$ cat query_26.pdb   # PDB, C-alpha atoms
ATOM      1  CA  MET J   1      -0.217 -44.312  58.181
ATOM      2  CA  PHE J   2       2.533 -43.426  55.718
ATOM      3  CA  SER J   3       0.591 -44.884  52.780
ATOM      4  CA  ARG J   4      -2.506 -42.876  53.765
ATOM      5  CA  LEU J   5      -0.452 -39.663  53.998
ATOM      6  CA  PHE J   6       1.110 -40.426  50.623
ATOM      7  CA  CYS J   7      -2.332 -40.855  49.070
ATOM      8  CA  ILE J   8      -3.516 -37.526  50.506
ATOM      9  CA  LEU J   9      -0.438 -35.710  49.247
ATOM     10  CA  SER J  10      -0.832 -37.313  45.816
ATOM     11  CA  LEU J  11      -4.449 -36.181  45.649
ATOM     12  CA  VAL J  12      -3.519 -32.614  46.596
ATOM     13  CA  PHE J  13      -0.741 -32.594  43.984
ATOM     14  CA  SER J  14      -3.173 -33.833  41.332
ATOM     15  CA  VAL J  15      -5.659 -31.061  42.142
ATOM     16  CA  VAL J  16      -2.947 -28.388  41.956
ATOM     17  CA  VAL J  17      -1.657 -29.693  38.634
ATOM     18  CA  ALA J  18      -5.155 -29.935  37.198
ATOM     19  CA  SER J  19      -5.899 -26.354  38.249
ATOM     20  CA  ASN J  20      -2.851 -25.196  36.306
ATOM     21  CA  VAL J  21      -3.806 -26.923  33.050
ATOM     22  CA  PRO J  22      -4.427 -24.156  30.490
ATOM     23  CA  SER J  23      -8.008 -23.685  29.317
ATOM     24  CA  ILE J  24      -8.815 -24.934  25.852
ATOM     25  CA  GLU J  25     -10.193 -21.461  25.166
ATOM     26  CA  GLN J  26      -6.671 -20.039  24.843
ATOM     27  CA  ARG J  27      -3.713 -22.391  24.676
ATOM     28  CA  ASP J  28      -0.486 -21.326  26.436
ATOM     29  CA  GLY J  29      -1.546 -17.681  26.460
ATOM     30  CA  LEU J  30      -0.934 -17.332  22.729
ATOM     31  CA  SER J  31      -2.072 -14.154  21.021
ATOM     32  CA  ILE J  32      -2.438 -13.503  17.319
ATOM     33  CA  ASN J  33      -0.360 -10.351  17.679
ATOM     34  CA  PRO J  34       2.855  -9.415  19.492
ATOM     35  CA  PRO J  35       2.685  -7.167  22.583
ATOM     36  CA  LEU J  36       1.610  -3.571  21.992
ATOM     37  CA  SER J  37       5.085  -2.561  23.106
ATOM     38  CA  SER J  38       6.436  -4.016  19.853
ATOM     39  CA  ILE J  39       4.748  -1.300  17.777
ATOM     40  CA  LEU J  40       7.454   1.031  16.511
ATOM     41  CA  GLN J  41       7.285   4.768  16.945
ATOM     42  CA  GLU J  42       7.121   6.743  13.708
ATOM     43  CA  SER J  43      10.665   7.997  14.219
ATOM     44  CA  ARG J  44      11.880   4.396  13.994
ATOM     45  CA  ARG J  45       9.541   3.049  11.324
ATOM     46  CA  GLY J  46       9.686   6.033   9.005
ATOM     47  CA  ILE J  47       6.721   7.856   7.544
ATOM     48  CA  ALA J  48       4.333   5.710   5.511
ATOM     49  CA  ILE J  49       3.064   7.735   2.571
ATOM     50  CA  PRO J  50      -0.479   6.739   1.539
ATOM     51  CA  GLN J  51      -0.933   5.862  -2.118
ATOM     52  CA  LEU J  52      -3.170   8.848  -2.908
ATOM     53  CA  THR J  53      -0.654  11.259  -1.374
ATOM     54  CA  ALA J  54       2.277   9.639  -3.185
ATOM     55  CA  ARG J  55       0.632  10.184  -6.572
ATOM     56  CA  GLU J  56       0.593  13.929  -5.989
ATOM     57  CA  LEU J  57       4.277  14.196  -5.055
ATOM     58  CA  THR J  58       6.807  15.715  -7.421
ATOM     59  CA  ASN J  59       9.798  13.585  -8.416
ATOM     60  CA  ALA J  60      12.024  15.577  -6.059
ATOM     61  CA  ARG J  61       9.770  14.838  -3.118
ATOM     62  CA  ARG J  62       9.413  11.204  -4.175
ATOM     63  CA  LEU J  63      13.183  10.778  -4.160
ATOM     64  CA  ALA J  64      13.409  12.392  -0.732
ATOM     65  CA  ALA J  65      10.769   9.957   0.534
ATOM     66  CA  GLY J  66      12.542   6.941  -0.958
ATOM     67  CA  LEU J  67       9.878   6.379  -3.617
ATOM     68  CA  PRO J  68      10.473   5.587  -7.299
ATOM     69  CA  LEU J  69      10.137   8.382  -9.852
ATOM     70  CA  ASN J  70       6.827   9.027 -11.531
ATOM     71  CA  PRO J  71       6.654   7.545 -15.040
ATOM     72  CA  PRO J  72       6.774   9.998 -17.965
ATOM     73  CA  ARG J  73       3.376  11.489 -18.712
ATOM     74  CA  ARG J  74       1.759  10.480 -21.994
ATOM     75  CA  ARG J  75      -1.232  11.896 -23.757
ATOM     76  CA  ALA J  76      -4.515  10.463 -22.527
ATOM     77  CA  SER J  77      -2.605   8.620 -19.833
ATOM     78  CA  ARG J  78      -4.265   7.540 -16.618
ATOM     79  CA  THR J  79      -2.985   7.303 -13.103
ATOM     80  CA  HIS J  80      -1.820   3.729 -12.769
ATOM     81  CA  VAL J  81      -1.914   1.429  -9.799
ATOM     82  CA  ALA J  82       0.918  -1.094  -9.424
ATOM     83  CA  ARG J  83      -0.467  -4.356 -10.749
ATOM     84  CA  ALA J  84       0.742  -7.778 -11.659
ATOM     85  CA  ALA J  85      -2.423  -8.949 -13.387
ATOM     86  CA  PRO J  86      -2.264 -11.750 -15.963
ATOM     87  CA  SER J  87      -1.938 -10.735 -19.597
ATOM     88  CA  GLY J  88      -5.301  -9.954 -21.200
ATOM     89  CA  SER J  89      -6.996  -9.269 -17.881
ATOM     90  CA  VAL J  90     -10.062  -7.058 -17.628
ATOM     91  CA  LEU J  91      -9.446  -4.890 -14.569
ATOM     92  CA  ALA J  92     -12.233  -3.541 -12.401
ATOM     93  CA  SER J  93     -12.130  -1.191  -9.419
ATOM     94  CA  GLY J  94     -14.294  -1.720  -6.381
ATOM     95  CA  TYR J  95     -14.502  -2.639  -2.721
ATOM     96  CA  ILE J  96     -14.292  -5.797  -0.646
ATOM     97  CA  GLU J  97     -17.265  -6.497   1.604
ATOM     98  CA  ALA J  98     -17.117  -9.004   4.462
ATOM     99  CA  LEU J  99     -20.236 -11.190   4.765
ATOM    100  CA  ARG J 100     -20.786 -13.564   7.671
ATOM    101  CA  VAL J 101     -20.577 -17.216   6.632
ATOM    102  CA  ASP J 102     -23.341 -18.223   9.056
ATOM    103  CA  ASP J 103     -26.106 -15.857   7.925
ATOM    104  CA  GLY J 104     -24.794 -13.799   5.001
ATOM    105  CA  SER J 105     -25.091 -10.464   6.802
ATOM    106  CA  SER J 106     -22.512  -7.750   6.170
ATOM    107  CA  ILE J 107     -20.069  -6.705   8.889
ATOM    108  CA  GLY J 108     -18.513  -3.935   6.771
ATOM    109  CA  TYR J 109     -15.783  -3.338   4.216
ATOM    110  CA  VAL J 110     -11.996  -3.572   4.201
ATOM    111  CA  GLY J 111     -10.766  -0.146   5.314
ATOM    112  CA  SER J 112      -8.210   2.110   3.655
ATOM    113  CA  THR J 113      -6.273   2.341   6.921
ATOM    114  CA  TYR J 114      -4.996  -0.572   8.992
ATOM    115  CA  ASN J 115      -4.819  -1.355  12.700
ATOM    116  CA  SER J 116      -1.780  -0.497  14.836
ATOM    117  CA  PHE J 117      -0.009  -3.695  13.746
ATOM    118  CA  GLY J 118      -0.353  -2.914  10.038
ATOM    119  CA  GLU J 119      -3.097  -5.484   9.415
ATOM    120  CA  ALA J 120      -6.316  -5.060   7.452
ATOM    121  CA  ARG J 121      -9.461  -4.248   9.392
ATOM    122  CA  ILE J 122     -13.183  -3.897   8.684
ATOM    123  CA  VAL J 123     -14.853  -0.487   8.698
ATOM    124  CA  ASP J 124     -18.344   0.985   8.411
ATOM    125  CA  PRO J 125     -18.322   2.910   5.110
ATOM    126  CA  ALA J 126     -20.658   5.500   6.623
ATOM    127  CA  ALA J 127     -17.966   6.411   9.145
ATOM    128  CA  GLU J 128     -14.623   5.585   7.487
ATOM    129  CA  THR J 129     -13.217   5.368   3.990
ATOM    130  CA  PRO J 130     -13.082   1.829   2.578
ATOM    131  CA  MET J 131     -10.170   0.565   0.495
ATOM    132  CA  VAL J 132     -10.512   0.687  -3.276
ATOM    133  CA  PHE J 133      -9.124  -2.383  -5.021
ATOM    134  CA  SER J 134      -8.241  -3.264  -8.593
ATOM    135  CA  ILE J 135      -8.802  -6.882  -9.654
ATOM    136  CA  PRO J 136      -8.949  -8.872 -12.897
ATOM    137  CA  THR J 137     -12.562 -10.032 -13.143
ATOM    138  CA  ASN J 138     -12.143 -12.296 -16.176
ATOM    139  CA  VAL J 139      -9.457 -14.496 -14.602
ATOM    140  CA  ALA J 140     -10.221 -17.256 -12.111
ATOM    141  CA  GLY J 141      -6.808 -16.913 -10.492
ATOM    142  CA  PRO J 142      -4.522 -16.965  -8.760
ATOM    143  CA  PHE J 143      -3.695 -13.277  -9.162
ATOM    144  CA  ASP J 144      -2.673 -10.142  -7.288
ATOM    145  CA  ILE J 145      -5.126  -7.586  -5.966
ATOM    146  CA  GLY J 146      -3.869  -4.025  -6.342
ATOM    147  CA  THR J 147      -4.803  -1.299  -3.869
ATOM    148  CA  VAL J 148      -5.697   2.207  -5.053
ATOM    149  CA  ASN J 149      -5.840   4.164  -1.780
ATOM    150  CA  GLY J 150      -3.785   1.964   0.530
ATOM    151  CA  PRO J 151      -1.926   3.183   3.624
ATOM    152  CA  ASN J 152       1.609   2.659   2.274
ATOM    153  CA  SER J 153       2.599   3.411  -1.315
ATOM    154  CA  LEU J 154       5.619   1.100  -1.087
ATOM    155  CA  TYR J 155       3.328  -1.932  -0.732
ATOM    156  CA  PRO J 156       0.532  -1.693  -3.320
ATOM    157  CA  PHE J 157      -0.701  -5.284  -3.178
ATOM    158  CA  PHE J 158      -3.322  -6.788  -0.859
ATOM    159  CA  GLY J 159      -1.731 -10.055   0.208
ATOM    160  CA  GLY J 160      -0.970 -12.495   3.002
ATOM    161  CA  ILE J 161       1.544 -12.017   5.830
ATOM    162  CA  GLN J 162       2.692 -14.878   8.075
ATOM    163  CA  GLY J 163       1.054 -14.674  11.515
ATOM    164  CA  PHE J 164       3.225 -13.724  14.495
ATOM    165  CA  SER J 165       2.327 -16.815  16.571
ATOM    166  CA  SER J 166       2.382 -19.267  13.664
ATOM    167  CA  THR J 167       4.941 -22.023  14.165
ATOM    168  CA  ASP J 168       6.170 -21.731  10.554
ATOM    169  CA  VAL J 169       5.087 -20.391   7.166
ATOM    170  CA  ASP J 170       2.685 -23.270   6.421
ATOM    171  CA  ILE J 171      -1.038 -23.579   7.119
ATOM    172  CA  GLY J 172      -3.100 -26.760   7.022
ATOM    173  CA  SER J 173      -5.524 -29.130   8.710
ATOM    174  CA  GLY J 174      -4.705 -29.700  12.380
ATOM    175  CA  SER J 175      -2.636 -26.500  12.566
ATOM    176  CA  TYR J 176      -3.623 -23.237  14.219
ATOM    177  CA  ASN J 177      -1.250 -21.304  11.949
ATOM    178  CA  TYR J 178      -2.765 -18.248  10.301
ATOM    179  CA  VAL J 179      -1.983 -15.460   7.851
ATOM    180  CA  TYR J 180      -2.762 -11.758   8.234
ATOM    181  CA  LEU J 181      -4.238  -9.806   5.351
ATOM    182  CA  GLY J 182      -2.405  -6.566   4.674
ATOM    183  CA  SER J 183      -0.277  -4.756   2.115
ATOM    184  CA  THR J 184       2.794  -6.473   0.670
ATOM    185  CA  VAL J 185       5.358  -6.453  -2.082
ATOM    186  CA  ASP J 186       4.600  -8.440  -5.212
ATOM    187  CA  THR J 187       5.303 -12.172  -5.331
ATOM    188  CA  SER J 188       4.934 -14.392  -8.362
ATOM    189  CA  VAL J 189       2.082 -16.813  -8.970
ATOM    190  CA  ASP J 190       2.606 -20.148  -7.178
ATOM    191  CA  SER J 191       5.483 -18.682  -5.149
ATOM    192  CA  THR J 192       6.132 -20.196  -1.745
ATOM    193  CA  PRO J 193       6.250 -17.712   1.163
ATOM    194  CA  ILE J 194       9.201 -15.324   1.004
ATOM    195  CA  VAL J 195      10.397 -12.758   3.532
ATOM    196  CA  GLY J 196       9.475  -9.430   1.969
ATOM    197  CA  GLY J 197       8.272  -5.936   2.710
ATOM    198  CA  ASN J 198       4.820  -5.561   4.238
ATOM    199  CA  THR J 199       2.803  -3.291   6.513
ATOM    200  CA  PHE J 200       3.072  -5.588   9.569
ATOM    201  CA  THR J 201       6.873  -5.473   9.441
ATOM    202  CA  VAL J 202       6.808  -1.694   8.994
ATOM    203  CA  ALA J 203       4.643  -1.348  12.113
ATOM    204  CA  THR J 204       6.525  -3.793  14.339
ATOM    205  CA  GLY J 205       9.998  -4.344  12.894
ATOM    206  CA  ILE J 206       9.288  -8.100  12.893
ATOM    207  CA  SER J 207      10.134  -9.813   9.603
ATOM    208  CA  GLU J 208       7.534 -12.224   8.250
ATOM    209  CA  ALA J 209       7.017 -14.140   5.015
ATOM    210  CA  VAL J 210       4.488 -12.918   2.458
ATOM    211  CA  GLU J 211       2.587 -13.954  -0.656
ATOM    212  CA  SER J 212       0.603 -11.598  -2.878
ATOM    213  CA  SER J 213      -0.636 -13.760  -5.781
ATOM    214  CA  ILE J 214      -3.067 -15.670  -3.590
ATOM    215  CA  TRP J 215      -6.504 -14.664  -4.859
ATOM    216  CA  THR J 216      -9.153 -16.482  -6.846
ATOM    217  CA  PHE J 217     -12.393 -14.922  -8.102
ATOM    218  CA  ASN J 218     -15.775 -16.583  -8.533
ATOM    219  CA  ALA J 219     -17.559 -14.800 -11.377
ATOM    220  CA  LYS J 220     -20.975 -16.071 -10.216
ATOM    221  CA  ASP J 221     -21.061 -14.789  -6.636
ATOM    222  CA  HIS J 222     -18.066 -12.396  -6.894
ATOM    223  CA  ASN J 223     -16.402 -13.988  -3.883
ATOM    224  CA  LEU J 224     -12.651 -13.676  -3.449
ATOM    225  CA  THR J 225     -10.863 -16.609  -1.817
ATOM    226  CA  PRO J 226      -7.235 -16.727  -0.656
ATOM    227  CA  GLN J 227      -5.132 -19.774  -1.403
ATOM    228  CA  TRP J 228      -1.749 -20.074   0.286
ATOM    229  CA  ILE J 229       1.195 -21.972  -1.178
ATOM    230  CA  ASN J 230       3.073 -23.857   1.554
ATOM    231  CA  SER J 231       6.823 -24.370   1.603
ATOM    232  CA  ASP J 232       6.340 -27.863   0.104
ATOM    233  CA  LEU J 233       4.348 -26.320  -2.806
ATOM    234  CA  SER J 234       1.035 -27.719  -1.546
ATOM    235  CA  MET J 235      -1.903 -25.333  -1.858
ATOM    236  CA  GLN J 236      -4.242 -24.584   1.051
ATOM    237  CA  ILE J 237      -7.601 -22.809   0.805
ATOM    238  CA  GLY J 238      -7.935 -20.116   3.455
ATOM    239  CA  SER J 239     -10.979 -19.577   5.662
ATOM    240  CA  VAL J 240     -11.179 -15.842   6.335
ATOM    241  CA  GLY J 241     -11.963 -14.578   9.815
ATOM    242  CA  TYR J 242     -12.191 -11.245  11.612
ATOM    243  CA  PHE J 243     -10.661 -11.572  15.051
ATOM    244  CA  GLU J 244      -9.523  -8.869  17.481
ATOM    245  CA  SER J 245      -9.848  -6.168  14.804
ATOM    246  CA  THR J 246      -7.626  -8.170  12.456
ATOM    247  CA  LEU J 247      -8.560  -9.693   9.112
ATOM    248  CA  LEU J 248      -6.791 -13.036   8.645
ATOM    249  CA  PHE J 249      -7.180 -16.524   7.261
ATOM    250  CA  THR J 250      -6.348 -20.042   8.338
ATOM    251  CA  ALA J 251      -6.794 -23.518   6.888
ATOM    252  CA  ASP J 252      -8.328 -24.876  10.110
ATOM    253  CA  PRO J 253     -10.815 -22.554  11.852
ATOM    254  CA  THR J 254     -11.584 -25.165  14.538
ATOM    255  CA  THR J 255      -7.984 -25.549  15.668
ATOM    256  CA  PHE J 256      -7.513 -21.782  15.444
ATOM    257  CA  THR J 257     -10.478 -21.244  17.792
ATOM    258  CA  GLU J 258      -9.279 -23.930  20.208
ATOM    259  CA  THR J 259      -5.928 -22.166  20.364
ATOM    260  CA  PHE J 260      -6.785 -18.468  20.464
ATOM    261  CA  GLY J 261     -10.283 -18.610  21.908
ATOM    262  CA  PRO J 262     -13.745 -17.847  20.560
ATOM    263  CA  GLY J 263     -14.721 -14.546  19.029
ATOM    264  CA  ALA J 264     -13.702 -14.853  15.387
ATOM    265  CA  VAL J 265     -16.358 -13.967  12.830
ATOM    266  CA  TRP J 266     -15.839 -16.174   9.776
ATOM    267  CA  VAL J 267     -16.620 -14.338   6.568
ATOM    268  CA  ASP J 268     -16.776 -14.504   2.800
ATOM    269  CA  LEU J 269     -15.034 -11.658   0.980
ATOM    270  CA  LYS J 270     -17.162 -10.268  -1.841
ATOM    271  CA  PHE J 271     -15.977  -7.874  -4.535
ATOM    272  CA  VAL J 272     -18.514  -5.098  -5.168
ATOM    273  CA  THR J 273     -18.265  -2.143  -7.530
ATOM    274  CA  ALA J 274     -20.512   0.150  -5.496
ATOM    275  CA  ILE J 275     -21.520   0.628  -1.866
TER     276      ILE J 275
END

$ encode --input "query_26.pdb" --output "structure tokens"
Amino acid sequence: MFSRLFCILSLVFSVVVASNVPSIEQRDGLSINPPLSSILQESRRGIAIPQLTARELTNARRLAAGLPLNPPRRRASRTHVARAAPSGSVLASGYIEALRVDDGSSIGYVGSTYNSFGEARIVDPAAETPMVFSIPTNVAGPFDIGTVNGPNSLYPFFGGIQGFSSTDVDIGSGSYNYVYLGSTVDTSVDSTPIVGGNTFTVATGISEAVESSIWTFNAKDHNLTPQWINSDLSMQIGSVGYFESTLLFTADPTTFTETFGPGAVWVDLKFVTAI
């Protein structure tokens, strides 16, 4: 009698435990972003001055806003964008289009404004203004991509920002770790991730590591590919995805999907000079 009761209780316990096992569609309730409550109010984050607005400010206003002074004007000078392009580079201005990996169709362009967390998003150019980028087209990479009309003049580079739910700064096979795309400070070529200024931290107050010199350019198809330098100096090629209105990359899309659930659109990023 006792053994039969024990077996019944064991079976019930097993069913209860099994029912509480998290679904493979979203492991442990992880989310790629922190709670919405983490987004700072403007009074706490300060006012982000877009790049186009900053260029029109006088030196007095730039100082008041915490921006560096405008450089002295020279004859036949042009408005410069902060760049860290390799010496001898041929710079071109254009847009970044996101094309689905599975069928090559376009889902839009990287926008000139970011989501509430300070991360890059995709927009329809017929409805919103796309970001204008400056890249060296005669260099394979890695290099920085400068932004011309970005959302924050303090961070003029389009780079990678460590993901909020990543376990550390590294990405790789078998890891769900990921990297947001957004605006960052400049980091040197082959630099490991460093904690530095970026649009995600401005929006949330959460410090994350960044890299800016992560881009390679294929002159044949004009695709841009991010490559992330891990803390051990190993290099990982990023697969770019658009997930929950956030542009990001990871080294293992399968593990990422198993962790955060389906819904990511995996894309190639293509540099185009006209829309």

$ residues_around --input "query_26.pdb" --residues "Val240 in chain J" --least-positions-apart "2" --cutoff "7 Å" --atoms "only C-alpha atoms" --output "PyMOL selection string"
chain J and resi 238+248-250+266-268

$ atom_distance --input "query_26.pdb" --atom1 "CA of Gly261 in chain J" --atom2 "CA of Tyr242 in chain J"
12.8 Å

$ residues_around --input "query_26.pdb" --residues "range 200-210 of chain J" --least-positions-apart "6" --cutoff "8 Å" --atoms "only C-alpha atoms" --output "PyMOL selection string"
chain J and resi 38-40+45+116-119+159-164+169+182+184-185+187+193-194

$ atom_distance --input "query_26.pdb" --atom1 "CA of Thr255 in chain J" --atom2 "CA of Leu224 in chain J"
23.0 Å

$ resolve_selection --input "query_26.pdb" --expression "the PyMOL selection byres ((chain J and resi 100) around 10)" --output "ChimeraX atom specification"
/J:97-99,101-108,240-242,265-269

$ residues_around --input "query_26.pdb" --residues "Ser93 in chain J" --least-positions-apart "2" --cutoff "12 Å" --atoms "all atoms listed in the file" --output "PyMOL selection string"
chain J and resi 80-81+90-91+95-96+131-137+145-149+271-274

$ closest_residue --input "query_26.pdb" --among "J:Ala140, J:Ala120, J:Ile214, J:Ala251" --to "Ser183 in chain J" --atoms "all atoms listed in the file"
J:Ala120

$ axis_aligned_box --input "query_26.pdb" --around "range 141-149 of chain J" --padding-each-side "3 Å" --output "AutoDock Vina command-line options"
--center_x -4.7 --center_y -6.4 --center_z -6.1 --size_x 10.1 --size_y 27.1 --size_z 14.7

$ atom_distance --input "query_26.pdb" --atom1 "CA of Asp144 in chain J" --atom2 "CA of Phe256 in chain J"
26.0 Å

$ closest_residue --input "query_26.pdb" --among "J:Ser173, J:Thr53, J:Ser191, J:Thr167" --to "Asn230 in chain J" --atoms "all atoms listed in the file"
J:Ser191
